[in-house]
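Engineer: Here it is, the structure in full.
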Amino acid sequence: MTTETLDRPADETPLRTQAPDAGTLAGPRPSERPTAGPREAAPTPVADLPPIRILHLWPRLLNVAGDGGNVTAIEARARWRGIGTETVSYEADDPVPDVAAFDIVFAQGGQDVEMTLVARDLPRIAGALRDAADAGVVMLPVCAGLQLFGHRYVPNSGEALEGAHVLDLETLGGSQRFMQHAACEVTIDGETATVVGFENHSGVTELGPGVEPFGRVVAGAGNNGTDGREGARRDNVFATYLHGPVLPKNPWLADQLARIALSRRTGAPVVLAPLDDAVETRNHDVALAKAMRNRGQRTALTPATLHRRGR
Amino acid sequence: MTETPSAPPADLVAARRAPRLTPRLYASLLAARAAGAASRVLGRGGGTSLPGMVARRVDPAILRTLVADRGVPVVAITGSNGKTTTARFTAALLRGEGIPVAHNRSGSNLVQGVTSLAVGFADVRGALPPGVLVAEVDEGALLVVADELRPRVLVIVDLFRDQLDRFGELHALGAAMDAVAATLAADAVLVVNGDDPLVASLASDRAGPRVTFGFDVAESLDRITRAADTIRCPRCRHDLAYRAVYLSHMGDFACAGCGFARPRLDVAVTAVEVTGIAETLCTIRVPGGASLELRIPQAGIHVAYDAAAAVAAAVAIGAPLDHAASSLAGIRPAFGRMESIALPDGRSVILAFSKNPTSFNTTLRALGTEGEPRRLLIALSNTLVDGEDFAWLWDVDVESMAPRVEWAVVSGTRADEIATRLKYAGLDPRQMTVVEDRPAALDAALAQVPPGERLTIVAGYTPTIELREEMHRRGWTGRFWEQ
């Protein structure tokens with residue numbers, strides 16, 4: 001029976017991390033530091049920055065894997081900087097919004113059943129999404145969002161779903177589920193960083209000439225397990241398979257999206273004030289280490305099936 | 001209830017003959033006993049899954065031989081949240097009526113765990129004692145063991161999104177449940193949660209007997225949140241309309257698209273009150289119109305669901321319910337389910353196991369009835385049973401808890417993910433300490449708990465077991481499998 005530890009003073013406890021001092025504004029840690037070097041310019045005065053207008057597409061339908069955390073991340077980081085946010089949800093059959101009037105558009109992961117419902121609604125809003133993408137609105141379609149922003153999604157069973165044609169890509173249902181910690185290298189406006197997350201999809205996506213990959217696979221399967229490409233990008237549409245959710249553990253990416261969105265909105269290059277990202281950066285580094293341990297594999301776990309035997 | 005106490009059906013208490021003892025069966029039973037004894041001596045998991053694993057290796061057919069082939073009456077309980085508690089309640093209700101019960105109390109519910117249950121209760125010749133086998137079965141393992149158990153009653157408590165990285169999509173799980181229901185004997189009873197749209201829609205064309213349970217309460221007790229799963233009609237995918245929402249996606253629902261609606265309830269909770277973190281009062285209407293007034297020493301709306309499921313299981317197997325109130329009045333929480341542990345120095349620990357968005361939200365709501373958690377130890381780890389991907393943490397309503405938290409010690413191999421989630425829910429990083437190691441985290445947390453005060457632990461499956469084991473080592477509580 002060990003009870004003496006009860007009296008152990010707190011300062012002898014082997015704490016792994018001390019809570020960061022909120023008074024300091026620590027810069028990016030080495031693993032997070034962009035290769036092109038941090039921007040030197042002074043932060044744009046908050047008074048000059050309008051609220052970030054966020055459009056969250058089909059949150060009731062595309063709602064798996066905690067991707068709503070991406071919206072939370074943009075909202076919280078704006079709040080910490082004193083920047084406002086206004087979030088509007090769009091559900092199937094709602095009046096079609098003026099997508100180009102928003103700054104950041106989210107579409108998240110969803111299951112096959114829900115994807116068919118979104119696909120049914122998609123023709124109503126697809127034109128507005130394409131126009132907004134052409135106009136440079138920032139978008140982050142994740143997983144099912146990525147697949148539905150493409151031309152077509154052909155599932156393993158059931159009918160092919162026509163996408164929004166925002167992105168020049170096509171997805172076929174695959175025979176294998178990619179389900180593991182993953183990482184990719186992403187370059188935005190000359191800065192490169194490693195973006196980490198968790199992939200969980202069986203779709204096999206091929207990119208057409210109209211898009212670039214979002215990132216280069218460092219660990220994980222990426223779009224299809226073969227060509228080393230992760231996600232897709234055109235203009236300011238950043239599409240990825242990475243859940244996690246991806247923005248809270250990749251503050252660099254979250255800030256790039258906010259910076260691009262606010263620069264477009266204000267018509268002048270915006271520099272965001274740095275935040276203390278010690279907590280997020282540790283999360284990023286742990287996820288990266290997990291991804292690197294699985295490097296070269298397509299799945300971290302042998303995916304459990306409902307037909308397990310003899311366990 | 002005022003009726004004369006009734007006797008349990010004779011076949012539930014009748015003695016059974018042993019199976020034909022083959023050398024293989026005998027060897028398997030002996031090996032399982034040796035494994036169970038060795039495992040207990042080593043203090044590893046109380047021998048909850050090892051005997052079954054060993055027994056199956058020697059005789060893969062052992063579960064079928066001992067259970068299905070002997071016609072042992074089995075109540076199998078499956079679903080996402082509440083299996084363990086429902087199984088405990090069911091066992092208590094049956095025992096209260098004088099029906100002997102063999103039951104996997106420890107919640108070891110995979111194929112080997114269920115096999116351990118059977119071999120553990122069998123005698124040296126392989127005969128199970130008279131009475132009912134109450135088996136909690138993992139929703140993934142059910143497809144394997146259903147045929148080996150041939151349950152007389154199958155209870156599906158609910159289906160929630162749980163470990164997408166283990167089970168895949170929720171509708172696939174529903175399809176698997178349908179497949180299991182199709183293998184049931186014609187006279188087996190399917191007990192389903194009528195308030196859960198997906199569960200209520202299962203095996204709807206099955207001809208065999210069916211008992212539904214749920215809430216018959218006019219006002220909503222919850223609201224549809226980001227964590228809700230089945231908010232569209234499982235038949236036609238139209239959005240469901242709720243007259244009342246009781247817990248996540250469970251409620252009095254109807255589909256305007258195809259007319260599918262919450263079925264008539266055979267067993268219904270008509271009133272429920274969570275009075276604190278250690279008590280739930282509820283009234284349950286049973287077939288025939290009588291009502292049970294229950295005072296259960298565990299907290300949460302989900303506890304009333306579990307009680308209704310257990311009452312429905314008792315009804316389904318034909319057991320009387322004359323002693324239901326006293327049977328459930330003294331039932332302690334399953335290990336880690338809002339379990340209160342007293343420290344020798346007068347302080348206490350609430351151990352609240354949470355594994356998915358709905359169980360997390362339910363736990364947080366129950367804790368909130370007493371303003372908890374204030375001093376928080378929170379832990380999640382990546383393991384095979386806990387899963388790799390904790391993204392669901394972002395669907396939990398952590399924001400509602402954050403203002404109550406004075407400080408949090410964050411632990412487990414995914415402490416970093418929890419710390420990020422807490423920060424984005426509004427907790428200042430200065431309120432958090434990350435201590436990955438579980439015993440060290442317990443020390444770090446208790447070092448900050450003043451005399452006479454309480455520490456709340458919210459943890460995933462493996463950290464719950466680790467922290468409980470650590471508290472057992474310190475002499476504060478028994479082992480979970482000894483309860």
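By convention in this document, the chains of the structure tokens carry letters A, B, ... by their order, each chain's residues are numbered from 1, and ligands are numbered from 1 in the order they are shown.
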Extract, using only C-alpha atoms, all DNA, RNA and protein residues at most 9 Å from stretch 195-206 of chain B, discarding same-chain residues fewer than 4 positions from it, and format them as a VMD selection string.

Structural biologist: chain B and resid 156 to 159 171 174 to 175 177 to 179 181 to 182 186 190 210 212 to 215 230 to 235 240 245 to 246 249 to 254 260 to 263 265

Engineer: Those same residues, written as an mmCIF file, in the first residue's frame with N, CA and C atoms?

Structural biologist:
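Wrote it out as part_37.cif, contents follow:
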data_model
loop_
_atom_site.group_PDB
_atom_site.id
_atom_site.type_symbol
_atom_site.label_atom_id
_atom_site.label_comp_id
_atom_site.auth_asym_id
_atom_site.auth_seq_id
_atom_site.Cartn_x
_atom_site.Cartn_y
_atom_site.Cartn_z
ATOM 1 N N ILE B 156 -30.701 -4.735 -27.405
ATOM 2 C CA ILE B 156 -29.856 -3.736 -28.070
ATOM 3 C C ILE B 156 -30.154 -2.403 -27.392
ATOM 4 N N VAL B 157 -29.201 -1.950 -26.570
ATOM 5 C CA VAL B 157 -29.487 -0.794 -25.712
ATOM 6 C C VAL B 157 -29.502 0.516 -26.490
ATOM 7 N N ASP B 158 -28.607 0.677 -27.435
ATOM 8 C CA ASP B 158 -28.534 1.903 -28.235
ATOM 9 C C ASP B 158 -27.401 1.725 -29.239
ATOM 10 N N LEU B 159 -27.354 2.598 -30.234
ATOM 11 C CA LEU B 159 -26.212 2.584 -31.152
ATOM 12 C C LEU B 159 -25.731 4.011 -31.331
ATOM 13 N N HIS B 171 -24.082 3.073 -39.818
ATOM 14 C CA HIS B 171 -25.106 2.298 -40.520
ATOM 15 C C HIS B 171 -24.634 0.884 -40.838
ATOM 16 N N GLY B 174 -25.467 -1.017 -37.846
ATOM 17 C CA GLY B 174 -26.897 -1.343 -37.860
ATOM 18 C C GLY B 174 -27.177 -2.546 -38.746
ATOM 19 N N ALA B 175 -26.522 -2.588 -39.907
ATOM 20 C CA ALA B 175 -26.720 -3.713 -40.817
ATOM 21 C C ALA B 175 -26.232 -5.008 -40.175
ATOM 22 N N MET B 177 -26.196 -5.638 -36.963
ATOM 23 C CA MET B 177 -27.183 -6.010 -35.933
ATOM 24 C C MET B 177 -28.382 -6.713 -36.585
ATOM 25 N N ASP B 178 -28.782 -6.198 -37.747
ATOM 26 C CA ASP B 178 -29.866 -6.841 -38.493
ATOM 27 C C ASP B 178 -29.508 -8.278 -38.821
ATOM 28 N N ALA B 179 -28.242 -8.465 -39.245
ATOM 29 C CA ALA B 179 -27.795 -9.805 -39.617
ATOM 30 C C ALA B 179 -27.844 -10.735 -38.407
ATOM 31 N N ALA B 181 -29.830 -10.368 -35.764
ATOM 32 C CA ALA B 181 -31.245 -10.593 -35.419
ATOM 33 C C ALA B 181 -31.847 -11.672 -36.296
ATOM 34 N N ALA B 182 -31.388 -11.732 -37.544
ATOM 35 C CA ALA B 182 -31.924 -12.725 -38.472
ATOM 36 C C ALA B 182 -31.521 -14.147 -38.070
ATOM 37 N N ALA B 186 -36.643 -18.525 -33.633
ATOM 38 C CA ALA B 186 -37.927 -17.898 -33.935
ATOM 39 C C ALA B 186 -38.615 -17.384 -32.677
ATOM 40 N N LEU B 190 -36.428 -10.133 -29.096
ATOM 41 C CA LEU B 190 -35.539 -9.008 -29.394
ATOM 42 C C LEU B 190 -36.028 -7.812 -28.568
ATOM 43 N N ARG B 210 -40.947 -9.249 -29.712
ATOM 44 C CA ARG B 210 -40.177 -8.033 -29.600
ATOM 45 C C ARG B 210 -40.695 -7.230 -28.409
ATOM 46 N N THR B 212 -40.186 -3.423 -26.645
ATOM 47 C CA THR B 212 -39.556 -2.112 -26.810
ATOM 48 C C THR B 212 -39.514 -1.396 -25.464
ATOM 49 N N PHE B 213 -38.470 -0.599 -25.293
ATOM 50 C CA PHE B 213 -38.392 0.232 -24.090
ATOM 51 C C PHE B 213 -37.987 1.641 -24.488
ATOM 52 N N GLY B 214 -38.228 2.595 -23.598
ATOM 53 C CA GLY B 214 -37.860 3.973 -23.891
ATOM 54 C C GLY B 214 -38.436 4.896 -22.835
ATOM 55 N N PHE B 215 -38.524 6.169 -23.187
ATOM 56 C CA PHE B 215 -39.056 7.174 -22.261
ATOM 57 C C PHE B 215 -40.416 7.629 -22.757
ATOM 58 N N THR B 230 -27.925 9.731 -35.079
ATOM 59 C CA THR B 230 -29.009 9.314 -35.958
ATOM 60 C C THR B 230 -30.114 10.349 -35.874
ATOM 61 N N ILE B 231 -29.964 11.424 -36.618
ATOM 62 C CA ILE B 231 -30.991 12.448 -36.576
ATOM 63 C C ILE B 231 -31.745 12.495 -37.896
ATOM 64 N N ARG B 232 -31.453 11.493 -38.733
ATOM 65 C CA ARG B 232 -32.206 11.335 -39.966
ATOM 66 C C ARG B 232 -32.866 9.963 -39.949
ATOM 67 N N CYS B 233 -33.961 9.862 -40.680
ATOM 68 C CA CYS B 233 -34.722 8.624 -40.700
ATOM 69 C C CYS B 233 -33.846 7.483 -41.221
ATOM 70 N N PRO B 234 -33.735 6.384 -40.465
ATOM 71 C CA PRO B 234 -32.895 5.279 -40.937
ATOM 72 C C PRO B 234 -33.485 4.597 -42.171
ATOM 73 N N ARG B 235 -34.761 4.867 -42.471
ATOM 74 C CA ARG B 235 -35.365 4.226 -43.648
ATOM 75 C C ARG B 235 -35.266 5.107 -44.884
ATOM 76 N N LEU B 240 -35.454 13.794 -39.076
ATOM 77 C CA LEU B 240 -36.473 13.386 -38.114
ATOM 78 C C LEU B 240 -36.979 14.597 -37.340
ATOM 79 N N VAL B 245 -36.684 15.270 -27.004
ATOM 80 C CA VAL B 245 -35.359 14.657 -27.089
ATOM 81 C C VAL B 245 -34.941 14.300 -25.663
ATOM 82 N N TYR B 246 -34.506 13.054 -25.456
ATOM 83 C CA TYR B 246 -34.182 12.631 -24.086
ATOM 84 C C TYR B 246 -32.677 12.514 -23.849
ATOM 85 N N HIS B 249 -29.471 11.433 -29.626
ATOM 86 C CA HIS B 249 -30.475 11.281 -30.688
ATOM 87 C C HIS B 249 -31.670 10.431 -30.244
ATOM 88 N N MET B 250 -31.741 10.098 -28.967
ATOM 89 C CA MET B 250 -32.848 9.269 -28.488
ATOM 90 C C MET B 250 -33.999 10.169 -28.033
ATOM 91 N N GLY B 251 -35.195 9.813 -28.494
ATOM 92 C CA GLY B 251 -36.336 10.634 -28.145
ATOM 93 C C GLY B 251 -37.603 10.125 -28.806
ATOM 94 N N ASP B 252 -38.643 10.946 -28.713
ATOM 95 C CA ASP B 252 -39.925 10.613 -29.324
ATOM 96 C C ASP B 252 -39.915 11.228 -30.716
ATOM 97 N N PHE B 253 -39.538 10.407 -31.689
ATOM 98 C CA PHE B 253 -39.261 10.930 -33.029
ATOM 99 C C PHE B 253 -40.328 10.499 -34.021
ATOM 100 N N ALA B 254 -40.388 11.216 -35.120
ATOM 101 C CA ALA B 254 -41.252 10.812 -36.229
ATOM 102 C C ALA B 254 -40.644 11.347 -37.516
ATOM 103 N N PHE B 260 -42.220 6.677 -40.610
ATOM 104 C CA PHE B 260 -41.589 5.878 -39.557
ATOM 105 C C PHE B 260 -41.557 6.711 -38.281
ATOM 106 N N ALA B 261 -41.958 6.121 -37.157
ATOM 107 C CA ALA B 261 -42.020 6.879 -35.918
ATOM 108 C C ALA B 261 -41.627 5.996 -34.753
ATOM 109 N N ARG B 262 -41.396 6.626 -33.621
ATOM 110 C CA ARG B 262 -41.067 5.886 -32.411
ATOM 111 C C ARG B 262 -42.183 4.874 -32.162
ATOM 112 N N PRO B 263 -41.813 3.586 -31.987
ATOM 113 C CA PRO B 263 -42.850 2.564 -31.813
ATOM 114 C C PRO B 263 -43.528 2.685 -30.445
ATOM 115 N N LEU B 265 -44.252 1.786 -26.809
ATOM 116 C CA LEU B 265 -43.288 1.279 -25.837
ATOM 117 C C LEU B 265 -43.945 0.264 -24.905
#

Engineer: List every residue of stretch 247-439 of chain B that DSSP, applied to the backbone, labels as helix (DSSP H, G or I), and write the result as a VMD selection string.

Structural biologist: chain B and resid 301 to 317 324 to 329 357 to 368 391 to 395 398 to 404 415 to 424 429 to 431 438 to 439

Engineer: Mind giving me the straight-line distance from atom CA of A:Ala239 to atom CA of A:Asn156 in Å, one decimal?

Structural biologist: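 Computing the Euclidean distance for atom CA of A:Ala239 and atom CA of A:Asn156 yields 22.0 Å.
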
Engineer: Set the distance at 8 Å and use only C-alpha atoms: which residues neighbour A:Ala100 once local chain neighbours fewer than 2 positions away are removed? I'd like the list as an MDAnalysis selection string.

Structural biologist: chainID A and resid 98 102:103 128:129 131:133 135 137

Engineer: Mind writing the picked residues with C-alpha atoms as a PDB file, in the first residue's frame?

Structural biologist:
ATOM      1  CA  ASP A  98     -24.064  34.443 -51.344  1.00  0.00           C
ATOM      2  CA  PHE A 102     -17.975  34.866 -46.900  1.00  0.00           C
ATOM      3  CA  ASP A 103     -14.300  34.704 -45.974  1.00  0.00           C
ATOM      4  CA  ALA A 128     -22.237  29.690 -56.020  1.00  0.00           C
ATOM      5  CA  LEU A 129     -19.377  27.584 -54.616  1.00  0.00           C
ATOM      6  CA  ASP A 131     -17.950  31.391 -58.301  1.00  0.00           C
ATOM      7  CA  ALA A 132     -16.750  31.956 -54.752  1.00  0.00           C
ATOM      8  CA  ALA A 133     -13.728  29.735 -55.345  1.00  0.00           C
ATOM      9  CA  ALA A 135     -13.222  34.896 -56.479  1.00  0.00           C
ATOM     10  CA  VAL A 137     -12.794  32.742 -51.019  1.00  0.00           C
TER      11      VAL A 137
END

Engineer: Quick one: residues within 7 Å of stretch 450-457 of chain B, only C-alpha atoms, excluding same-chain residues fewer than 6 positions away - as a PyMOL selection string?

Structural biologist: chain B and resi 346-352+373+375-378

Engineer: Write a file of the just-selected residues containing C-alpha atoms, as a PDB file, in the first residue's frame.

Structural biologist:
ATOM      1  CA  GLY B 346     -11.190  12.101   4.121  1.00  0.00           C
ATOM      2  CA  ARG B 347     -10.914  13.323   0.551  1.00  0.00           C
ATOM      3  CA  SER B 348     -12.668  11.504  -2.275  1.00  0.00           C
ATOM      4  CA  VAL B 349     -12.378  10.668  -5.951  1.00  0.00           C
ATOM      5  CA  ILE B 350     -15.170  10.415  -8.512  1.00  0.00           C
ATOM      6  CA  LEU B 351     -14.068   8.102 -11.309  1.00  0.00           C
ATOM      7  CA  ALA B 352     -16.108   8.792 -14.439  1.00  0.00           C
ATOM      8  CA  PRO B 373     -15.884  18.854 -12.346  1.00  0.00           C
ATOM      9  CA  ARG B 375     -10.748  19.790  -9.780  1.00  0.00           C
ATOM     10  CA  LEU B 376     -10.220  17.596 -12.786  1.00  0.00           C
ATOM     11  CA  LEU B 377      -7.913  14.776 -13.798  1.00  0.00           C
ATOM     12  CA  ILE B 378      -8.654  13.891 -17.414  1.00  0.00           C
TER      13      ILE B 378
END

Engineer: If we count only C-alpha atoms and set the cut-off at 9 Å, which residues sit around A:Ala287, ignoring sequence neighbours fewer than 6 positions away in its own chain? Please answer as a ChimeraX atom specification.

Structural biologist: /A:181-183,196-198,249 /B:417

Engineer: Can you pull out the residues contacting stretch 209-213 of chain A? Cut-off 6 Å, using only C-alpha atoms, and skip same-chain residues under 2 positions away; I want them as a PyMOL selection string.

Structural biologist: chain A and resi 168+215+229-234

Engineer: Hey, what's within 9 Å of B:Ala188 if we count only C-alpha atoms and toss same-chain stuff fewer than 4 positions away? As a ChimeraX atom specification, please?

Structural biologist: /B:150-154,184,208-210,316

Engineer: Determine, using only C-alpha atoms, which residues of chain B have any atom at most 7 Å from an atom of chain A, and tabulate each with its shortest atom pair and distance in Å to one decimal place, rows ordered by chain and then rising number, as a Markdown table.

Structural biologist:
| residue | atom | partner | partner_atom | distance |
| --- | --- | --- | --- | --- |
| B:Val111 | CA | A:Arg311 | CA | 5.9 |
| B:Gln112 | CA | A:Arg311 | CA | 6.4 |
| B:Gly140 | CA | A:Leu306 | CA | 5.1 |
| B:Leu143 | CA | A:His307 | CA | 6.8 |
| B:Val144 | CA | A:Arg309 | CA | 6.9 |
| B:Asp165 | CA | A:Met179 | CA | 6.8 |
| B:Arg166 | CA | A:Ala304 | CA | 5.2 |
| B:Phe167 | CA | A:Thr305 | CA | 6.3 |
| B:Glu169 | CA | A:Gln111 | CA | 6.6 |
| B:Asp389 | CA | A:Phe198 | CA | 6.9 |
| B:Ala391 | CA | A:Gly66 | CA | 4.9 |
| B:Trp392 | CA | A:Gly66 | CA | 4.7 |
| B:Leu393 | CA | A:Gly66 | CA | 6.8 |
| B:Trp394 | CA | A:Gly66 | CA | 4.8 |
| B:Asp395 | CA | A:Gly66 | CA | 5.2 |
| B:Asp416 | CA | A:Asn283 | CA | 4.7 |
| B:Glu417 | CA | A:Asn283 | CA | 5.7 |
| B:Ala419 | CA | A:Val279 | CA | 6.7 |
| B:Thr420 | CA | A:Glu280 | CA | 5.9 |
| B:Tyr424 | CA | A:Ala76 | CA | 6.3 |
| B:Pro429 | CA | A:Ala19 | CA | 5.6 |
| B:Arg430 | CA | A:Ala19 | CA | 4.8 |
| B:Met432 | CA | A:Ala19 | CA | 6.1 |
| B:Thr433 | CA | A:Ala19 | CA | 6.0 |
| B:Val434 | CA | A:Thr17 | CA | 5.5 |
| B:Val435 | CA | A:Leu15 | CA | 5.3 |
| B:Ala440 | CA | A:Thr13 | CA | 7.0 |
| B:Asp443 | CA | A:Leu6 | CA | 6.4 |
| B:Ala444 | CA | A:Thr13 | CA | 6.0 |
| B:Leu446 | CA | A:Leu6 | CA | 6.8 |
| B:Ala447 | CA | A:Ala10 | CA | 5.8 |
| B:Arg473 | CA | A:Met1 | CA | 5.7 |
| B:Arg474 | CA | A:Met1 | CA | 4.4 |
| B:Gly475 | CA | A:Met1 | CA | 5.7 |

Engineer: Can you write out the residues you just picked, keeping C-alpha atoms, as a compact mmCIF listing (two decimals), in the first residue's frame?

Structural biologist:
# COMPACT_ATOMS: atom_id res chain seq x y z
CA VAL B 111 -15.27 -13.18 -27.74
CA GLN B 112 -12.77 -14.42 -25.16
CA GLY B 140 -18.35 -6.10 -32.86
CA LEU B 143 -21.72 -11.60 -34.88
CA VAL B 144 -19.27 -14.28 -33.76
CA ASP B 165 -11.63 3.76 -36.42
CA ARG B 166 -12.75 0.38 -35.08
CA PHE B 167 -16.22 -0.20 -36.40
CA GLU B 169 -19.70 3.75 -40.12
CA ASP B 389 -8.38 8.76 -33.22
CA ALA B 391 -11.17 13.65 -32.92
CA TRP B 392 -14.59 12.99 -31.35
CA LEU B 393 -13.39 14.99 -28.37
CA TRP B 394 -14.21 18.05 -30.52
CA ASP B 395 -17.85 16.94 -30.66
CA ASP B 416 -1.72 16.76 -25.80
CA GLU B 417 -5.03 16.35 -27.67
CA ALA B 419 -5.00 19.93 -23.54
CA THR B 420 -5.67 21.44 -26.97
CA TYR B 424 -10.09 25.83 -27.29
CA PRO B 429 -3.25 26.84 -20.35
CA ARG B 430 -2.08 28.10 -16.94
CA MET B 432 -3.57 22.92 -16.98
CA THR B 433 -0.73 20.60 -16.10
CA VAL B 434 0.24 17.83 -18.48
CA VAL B 435 1.42 14.66 -16.73
CA ALA B 440 2.16 10.53 -11.43
CA ASP B 443 -0.26 12.37 -7.41
CA ALA B 444 -0.07 15.72 -9.16
CA LEU B 446 -4.24 14.99 -5.37
CA ALA B 447 -1.43 17.31 -4.32
CA ARG B 473 -2.63 -0.63 -5.02
CA ARG B 474 -2.86 2.19 -2.53
CA GLY B 475 -5.60 0.34 -0.69

Engineer: Run DSSP on the backbone of this structure and report the residues of stretch 49-247 of chain A it assigns to strand (DSSP E), as a ChimeraX atom specification.

Structural biologist: /A:52-57,85-90,104-107,138-141,152-154,161-162,169-188,191-207,215-219,229-230,232-234,237-239

Engineer: Just the selected residues (C-alpha atoms), exported as a CSV table (one decimal), in the first residue's frame, please.

Structural biologist:
chain,number,residue,atom,x,y,z
A,52,ILE,CA,-14.1,36.8,-40.3
A,53,ARG,CA,-17.3,35.6,-41.9
A,54,ILE,CA,-17.5,31.9,-41.8
A,55,LEU,CA,-19.9,29.6,-43.7
A,56,HIS,CA,-20.3,26.1,-42.3
A,57,LEU,CA,-21.8,23.9,-45.0
A,85,THR,CA,-16.1,36.1,-36.3
A,86,GLU,CA,-19.6,35.5,-37.6
A,87,THR,CA,-20.5,31.9,-38.4
A,88,VAL,CA,-23.5,31.0,-40.5
A,89,SER,CA,-24.6,27.4,-41.0
A,90,TYR,CA,-26.1,26.2,-44.3
A,104,ILE,CA,-13.9,31.0,-45.0
A,105,VAL,CA,-16.1,28.1,-46.1
A,106,PHE,CA,-16.0,24.8,-44.2
A,107,ALA,CA,-17.3,21.4,-45.4
A,138,VAL,CA,-10.9,30.5,-48.6
A,139,MET,CA,-12.4,27.0,-48.4
A,140,LEU,CA,-11.4,24.0,-46.3
A,141,PRO,CA,-13.3,20.9,-47.6
A,152,ARG,CA,-17.8,12.7,-59.0
A,153,TYR,CA,-17.7,10.3,-56.2
A,154,VAL,CA,-18.4,6.7,-57.2
A,161,LEU,CA,-22.7,11.1,-56.8
A,162,GLU,CA,-22.1,14.2,-58.9
A,169,LEU,CA,-10.7,15.6,-59.1
A,170,GLU,CA,-12.6,12.4,-59.0
A,171,THR,CA,-12.9,9.7,-56.3
A,172,LEU,CA,-13.7,6.0,-56.6
A,173,GLY,CA,-14.7,3.8,-53.7
A,174,GLY,CA,-11.6,1.6,-52.9
A,175,SER,CA,-11.3,-1.8,-51.4
A,176,GLN,CA,-9.1,-0.7,-48.5
A,177,ARG,CA,-9.7,1.8,-45.7
A,178,PHE,CA,-6.8,4.2,-45.0
A,179,MET,CA,-7.0,4.7,-41.3
A,180,GLN,CA,-4.0,6.1,-39.6
A,181,HIS,CA,-2.0,9.1,-38.3
A,182,ALA,CA,-0.7,10.9,-41.4
A,183,ALA,CA,1.4,13.9,-42.2
A,184,CYS,CA,2.2,15.9,-45.3
A,185,GLU,CA,4.3,18.8,-46.3
A,186,VAL,CA,2.4,21.9,-47.4
A,187,THR,CA,3.6,25.1,-49.0
A,188,ILE,CA,1.5,28.2,-48.9
A,191,GLU,CA,6.3,29.0,-46.5
A,192,THR,CA,6.5,25.2,-46.0
A,193,ALA,CA,5.3,23.4,-42.9
A,194,THR,CA,4.4,19.9,-42.0
A,195,VAL,CA,0.6,19.4,-41.5
A,196,VAL,CA,-0.5,16.4,-39.4
A,197,GLY,CA,-3.8,14.6,-38.9
A,198,PHE,CA,-5.7,11.4,-39.0
A,199,GLU,CA,-6.9,9.9,-42.3
A,200,ASN,CA,-9.9,7.7,-42.4
A,201,HIS,CA,-11.3,7.0,-45.8
A,202,SER,CA,-11.5,4.3,-48.4
A,203,GLY,CA,-12.0,6.6,-51.4
A,204,VAL,CA,-9.3,6.7,-54.0
A,205,THR,CA,-8.9,10.2,-55.3
A,206,GLU,CA,-7.1,11.2,-58.6
A,207,LEU,CA,-6.3,14.8,-59.3
A,215,GLY,CA,0.5,18.6,-49.7
A,216,ARG,CA,3.1,16.0,-50.4
A,217,VAL,CA,2.7,12.8,-48.3
A,218,VAL,CA,5.3,12.4,-45.6
A,219,ALA,CA,3.5,9.6,-43.8
A,229,ARG,CA,-0.3,13.4,-53.1
A,230,GLU,CA,-2.4,14.6,-50.3
A,232,ALA,CA,-6.1,19.3,-53.6
A,233,ARG,CA,-5.7,23.0,-54.0
A,234,ARG,CA,-6.7,25.6,-56.5
A,237,VAL,CA,-9.5,26.2,-51.8
A,238,PHE,CA,-7.5,23.9,-49.6
A,239,ALA,CA,-9.0,20.4,-49.6
